[in-house]
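Visitor: Okay, handing you the structure first.
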Amino acid sequence: MVTQAILFDMDGTLYKSQAIRTKFAEAAYYTLAKEKSISLDSARQSIEQKRDSMKVHYGQSVPYTLTLQSLGIPIAVWHEYNIDYFDPGEYLKSDPLLEKSLKILKAHFTLAVITNNNHIQTQRTLKAIGVNGFFDSVFTYNSYHILKPDPAFFMRAAEDLKVAINACCCVGDRYDIDLKPAKAIGMSVLEVQGPEDIYDLPHRFLQGDQTV
Ligand SMILES: [Mg+2]
């Protein structure tokens, strides 16, 4: 099936920022510390120990959202702390090369974002990197209250985009979270290391080399 829609993961895919990774981790430690009335240091230790034990299921680099959920923090609570803790816009700048690439892709494909992040942080991020106008749809945790790697998230997104599952291609930086479940339901997938791998996507997609 020819690709009709490209679904991009956001964090680590459309931008890469060590400062935001650090803020994200700090926000997670702060949330657990506040919610469980423990020290920041104990919170950091329990979160990182939990992440290590979850690697078996989720591969390397287990998302903080899934880690906090497994430690009993409701996702809505985590998102409230996260939104208050930092504004990604303060650490990001516009990416003209990404913009250029998405502009070309948009002329040929339906483009969407599919992220476990919340709506507010997602909008702040897309605006800061200068690409918020390029997506037909932006699916966040707030869309269906489902998180990747649940395949239901990908299915619902395809349904809302009105594009057949096998005409969707998912692009992401974490295979086990962003791509493995998409592949399992019949989407094509493309693993990237960051935005620099997206600069070349028009060339790859428009040459017909669409899957990995
Ligand atoms: Mg990612």
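Each chain in the structure tokens gets a letter, A, B and so on, in the order shown; residues start at 1 in every chain, and ligands are counted from 1 in the order they appear.
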Please extract the residues at most 8 Å from ligand 1, counting only C-alpha atoms and all ligand atoms, and provide them as a list in words, using the chain letters and residue numbers of this document.
Guide: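 Within the 8 Å cut-off, the matching residues are Asp9, Met10, Asp11, Gly12, Thr13, Thr115, Gly172, Asp173, Arg174 and Asp178 of chain A.
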Visitor: If you keep C-alpha atoms, can you produce a file of those selected residues as a compact mmCIF listing (two decimals), in the first residue's frame?
Guide:
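File part30.txt, as written:
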```
# COMPACT_ATOMS: atom_id res chain seq x y z
CA ASP A 9 6.42 11.01 17.35
CA MET A 10 7.41 14.40 18.82
CA ASP A 11 9.96 14.28 21.67
CA GLY A 12 13.33 13.05 20.43
CA THR A 13 11.97 12.87 16.89
CA THR A 115 2.79 11.73 21.20
CA GLY A 172 9.84 7.78 15.78
CA ASP A 173 13.01 7.55 17.85
CA ARG A 174 12.03 4.75 20.26
CA ASP A 178 6.73 4.35 18.75
```
Visitor: Tell me, as a PDB file with C-alpha atoms, in the first residue's frame, which residues lie within 9 Å of Leu71 (chain A), counting only C-alpha atoms; anything in the same chain fewer than 4 positions away does not count.
Guide:
```
ATOM      1  CA  LEU A  32       6.644  11.803  42.885  1.00  0.00           C
ATOM      2  CA  SER A  46      12.563   5.032  42.997  1.00  0.00           C
ATOM      3  CA  ILE A  47      11.859   6.376  39.533  1.00  0.00           C
ATOM      4  CA  LYS A  50      11.549   1.445  38.342  1.00  0.00           C
ATOM      5  CA  LEU A  66       4.716   5.149  32.024  1.00  0.00           C
ATOM      6  CA  THR A  67       7.109   4.957  34.978  1.00  0.00           C
TER       7      THR A  67
END
```
Visitor: Report, in Å to a single decimal, how far apart CA of Thr22 (chain A) and CA of Pro181 (chain A) are.
Guide: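 For CA of Pro181 (chain A) relative to CA of Thr22 (chain A), the distance reads 26.8 Å.
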Visitor: In terms of the shortest atom-to-atom distance over only C-alpha atoms, which of A:Tyr141, A:Met54, A:Ala33, A:Ile6 is closest to Ala182 (chain A)?
Guide: A:Ile6
Visitor: Can you tell me which residues surround region 143-155 of chain A at a distance of at most 12 Å, considering only C-alpha atoms, apart from same-chain residues fewer than 4 positions away, and format the answer as number ranges by chain?
Guide: A: 6-9, 57-59, 62-66, 69, 74-76, 79, 112-120, 122, 137-139, 159-170, 172, 174-189
Visitor: Tell me which of A:Lys34, A:Ala128, A:Val171, A:Gln18 sits closest to Gln193 (chain A), counting only C-alpha atoms.
Guide: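 Comparing A:Lys34, A:Ala128, A:Val171, A:Gln18 against Gln193 (chain A), the winner is A:Val171.
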Visitor: Name the residues in contact with Ala27 (chain A) at a cut-off of 12 Å, using only C-alpha atoms, excluding same-chain residues fewer than 2 positions from it; report them as a PDB file with N, CA and C atoms, in the first residue's frame.
Guide:
```pdb
ATOM      1  N   ILE A  20      15.751  19.657  27.750  1.00  0.00           N
ATOM      2  CA  ILE A  20      14.364  19.238  27.988  1.00  0.00           C
ATOM      3  C   ILE A  20      14.308  17.846  28.604  1.00  0.00           C
ATOM      4  N   ARG A  21      15.206  16.975  28.181  1.00  0.00           N
ATOM      5  CA  ARG A  21      15.264  15.643  28.821  1.00  0.00           C
ATOM      6  C   ARG A  21      15.505  15.795  30.323  1.00  0.00           C
ATOM      7  N   THR A  22      16.427  16.687  30.656  1.00  0.00           N
ATOM      8  CA  THR A  22      16.736  16.929  32.065  1.00  0.00           C
ATOM      9  C   THR A  22      15.531  17.510  32.806  1.00  0.00           C
ATOM     10  N   LYS A  23      14.871  18.497  32.196  1.00  0.00           N
ATOM     11  CA  LYS A  23      13.688  19.124  32.816  1.00  0.00           C
ATOM     12  C   LYS A  23      12.584  18.094  33.018  1.00  0.00           C
ATOM     13  N   PHE A  24      12.417  17.231  32.009  1.00  0.00           N
ATOM     14  CA  PHE A  24      11.386  16.200  32.058  1.00  0.00           C
ATOM     15  C   PHE A  24      11.648  15.265  33.236  1.00  0.00           C
ATOM     16  N   ALA A  25      12.899  14.842  33.390  1.00  0.00           N
ATOM     17  CA  ALA A  25      13.281  13.953  34.495  1.00  0.00           C
ATOM     18  C   ALA A  25      13.076  14.657  35.830  1.00  0.00           C
ATOM     19  N   TYR A  29      10.661  13.603  39.048  1.00  0.00           N
ATOM     20  CA  TYR A  29      11.128  13.411  40.438  1.00  0.00           C
ATOM     21  C   TYR A  29      10.318  14.309  41.376  1.00  0.00           C
ATOM     22  N   TYR A  30      10.118  15.554  40.930  1.00  0.00           N
ATOM     23  CA  TYR A  30       9.391  16.531  41.735  1.00  0.00           C
ATOM     24  C   TYR A  30       7.946  16.061  41.974  1.00  0.00           C
ATOM     25  N   THR A  31       7.321  15.522  40.937  1.00  0.00           N
ATOM     26  CA  THR A  31       5.926  15.051  41.035  1.00  0.00           C
ATOM     27  C   THR A  31       5.812  13.929  42.065  1.00  0.00           C
ATOM     28  N   LEU A  32       6.710  12.942  41.959  1.00  0.00           N
ATOM     29  CA  LEU A  32       6.644  11.803  42.885  1.00  0.00           C
ATOM     30  C   LEU A  32       6.926  12.269  44.320  1.00  0.00           C
ATOM     31  N   ALA A  33       7.928  13.155  44.462  1.00  0.00           N
ATOM     32  CA  ALA A  33       8.292  13.656  45.787  1.00  0.00           C
ATOM     33  C   ALA A  33       7.099  14.353  46.442  1.00  0.00           C
ATOM     34  N   LYS A  34       6.438  15.226  45.690  1.00  0.00           N
ATOM     35  CA  LYS A  34       5.286  15.970  46.222  1.00  0.00           C
ATOM     36  C   LYS A  34       4.122  15.034  46.541  1.00  0.00           C
ATOM     37  N   LEU A  40      13.269  14.590  47.306  1.00  0.00           N
ATOM     38  CA  LEU A  40      13.539  14.551  45.866  1.00  0.00           C
ATOM     39  C   LEU A  40      14.501  13.422  45.526  1.00  0.00           C
ATOM     40  N   ALA A  43      12.752  10.140  45.568  1.00  0.00           N
ATOM     41  CA  ALA A  43      11.878  10.069  44.394  1.00  0.00           C
ATOM     42  C   ALA A  43      12.705   9.706  43.155  1.00  0.00           C
ATOM     43  N   ARG A  44      13.859  10.361  43.021  1.00  0.00           N
ATOM     44  CA  ARG A  44      14.724  10.087  41.874  1.00  0.00           C
ATOM     45  C   ARG A  44      15.142   8.612  41.871  1.00  0.00           C
ATOM     46  N   ILE A  47      12.212   6.289  40.954  1.00  0.00           N
ATOM     47  CA  ILE A  47      11.859   6.376  39.533  1.00  0.00           C
ATOM     48  C   ILE A  47      12.901   5.682  38.666  1.00  0.00           C
ATOM     49  N   TYR A  64       9.031   8.501  31.189  1.00  0.00           N
ATOM     50  CA  TYR A  64       8.699   8.869  32.563  1.00  0.00           C
ATOM     51  C   TYR A  64       7.200   8.755  32.832  1.00  0.00           C
ATOM     52  N   THR A  65       6.404   9.034  31.810  1.00  0.00           N
ATOM     53  CA  THR A  65       4.952   8.961  31.988  1.00  0.00           C
ATOM     54  C   THR A  65       4.527   7.553  32.400  1.00  0.00           C
ATOM     55  N   LEU A  68       5.890   6.772  36.027  1.00  0.00           N
ATOM     56  CA  LEU A  68       5.091   7.385  37.102  1.00  0.00           C
ATOM     57  C   LEU A  68       3.744   6.681  37.240  1.00  0.00           C
ATOM     58  N   VAL A  77      -2.422  13.908  36.856  1.00  0.00           N
ATOM     59  CA  VAL A  77      -1.689  14.588  37.932  1.00  0.00           C
ATOM     60  C   VAL A  77      -0.272  14.921  37.461  1.00  0.00           C
ATOM     61  N   TRP A  78       0.380  13.924  36.869  1.00  0.00           N
ATOM     62  CA  TRP A  78       1.735  14.122  36.331  1.00  0.00           C
ATOM     63  C   TRP A  78       1.737  15.244  35.316  1.00  0.00           C
ATOM     64  N   HIS A  79       0.767  15.287  34.438  1.00  0.00           N
ATOM     65  CA  HIS A  79       0.740  16.327  33.407  1.00  0.00           C
ATOM     66  C   HIS A  79       0.569  17.720  34.020  1.00  0.00           C
ATOM     67  N   GLU A  80      -0.226  17.824  35.073  1.00  0.00           N
ATOM     68  CA  GLU A  80      -0.375  19.136  35.724  1.00  0.00           C
ATOM     69  C   GLU A  80       0.956  19.643  36.273  1.00  0.00           C
ATOM     70  N   TYR A  81       1.670  18.759  36.955  1.00  0.00           N
ATOM     71  CA  TYR A  81       2.989  19.144  37.488  1.00  0.00           C
ATOM     72  C   TYR A  81       3.932  19.512  36.344  1.00  0.00           C
ATOM     73  N   ASN A  82       3.925  18.665  35.337  1.00  0.00           N
ATOM     74  CA  ASN A  82       4.831  18.833  34.209  1.00  0.00           C
ATOM     75  C   ASN A  82       4.618  20.182  33.503  1.00  0.00           C
ATOM     76  N   ILE A  83       3.356  20.541  33.298  1.00  0.00           N
ATOM     77  CA  ILE A  83       3.010  21.807  32.632  1.00  0.00           C
ATOM     78  C   ILE A  83       3.486  23.000  33.463  1.00  0.00           C
ATOM     79  N   ASP A  84       3.332  22.892  34.789  1.00  0.00           N
ATOM     80  CA  ASP A  84       3.769  23.982  35.671  1.00  0.00           C
ATOM     81  C   ASP A  84       5.280  24.032  35.827  1.00  0.00           C
ATOM     82  N   TYR A  85       5.927  22.894  35.715  1.00  0.00           N
ATOM     83  CA  TYR A  85       7.357  22.805  36.025  1.00  0.00           C
ATOM     84  C   TYR A  85       8.244  23.503  34.988  1.00  0.00           C
ATOM     85  N   PHE A  86       7.902  23.331  33.720  1.00  0.00           N
ATOM     86  CA  PHE A  86       8.737  23.987  32.700  1.00  0.00           C
ATOM     87  C   PHE A  86       7.988  24.210  31.392  1.00  0.00           C
ATOM     88  N   ASP A  87       8.471  25.219  30.663  1.00  0.00           N
ATOM     89  CA  ASP A  87       7.929  25.512  29.345  1.00  0.00           C
ATOM     90  C   ASP A  87       8.991  25.143  28.312  1.00  0.00           C
TER      91      ASP A  87
END
```
Visitor: Point out the residue among A:Leu92, A:Met1, A:Val131, A:Val192 with the least atom-to-atom distance to Ala19 (chain A), counting only C-alpha atoms.
Guide: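 That would be A:Leu92, the residue with the smallest distance to Ala19 (chain A).
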Visitor: Per DSSP on the backbone, filter region 35-131 of chain A down to the residues in strand (DSSP E or B) and report them as an NGL selection string.
Guide: :A and (110-114)
Visitor: Please produce a file of the residues just selected, as a PDB file, in the first residue's frame, where the atoms kept are C-alpha atoms.
Guide:
```pdb
ATOM      1  CA  THR A 110      -1.474  13.812   5.478  1.00  0.00           C
ATOM      2  CA  LEU A 111       0.818  14.709   8.390  1.00  0.00           C
ATOM      3  CA  ALA A 112       0.129  14.063  12.056  1.00  0.00           C
ATOM      4  CA  VAL A 113       1.856  14.062  15.416  1.00  0.00           C
ATOM      5  CA  ILE A 114       1.280  11.123  17.777  1.00  0.00           C
TER       6      ILE A 114
END
```
Visitor: Residues within 9 Å of region 201-203 of chain A, please, as a list in words. Count only C-alpha atoms; anything in the same chain fewer than 3 positions from it doesn't count.
Guide: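 Non-adjacent residues within range: Ser101, Leu102, Ile104, Leu105, Asp197, Ile198, Leu206, Gln207, Gly208 and Asp209 of chain A.
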Visitor: To test your reading of the structure, identify every residue in region 76-109 of chain A that backbone DSSP assigns to helix (DSSP H, G or I), and report it as a PyMOL selection string.
Guide: chain A and resi 76-85+88-90+96-106
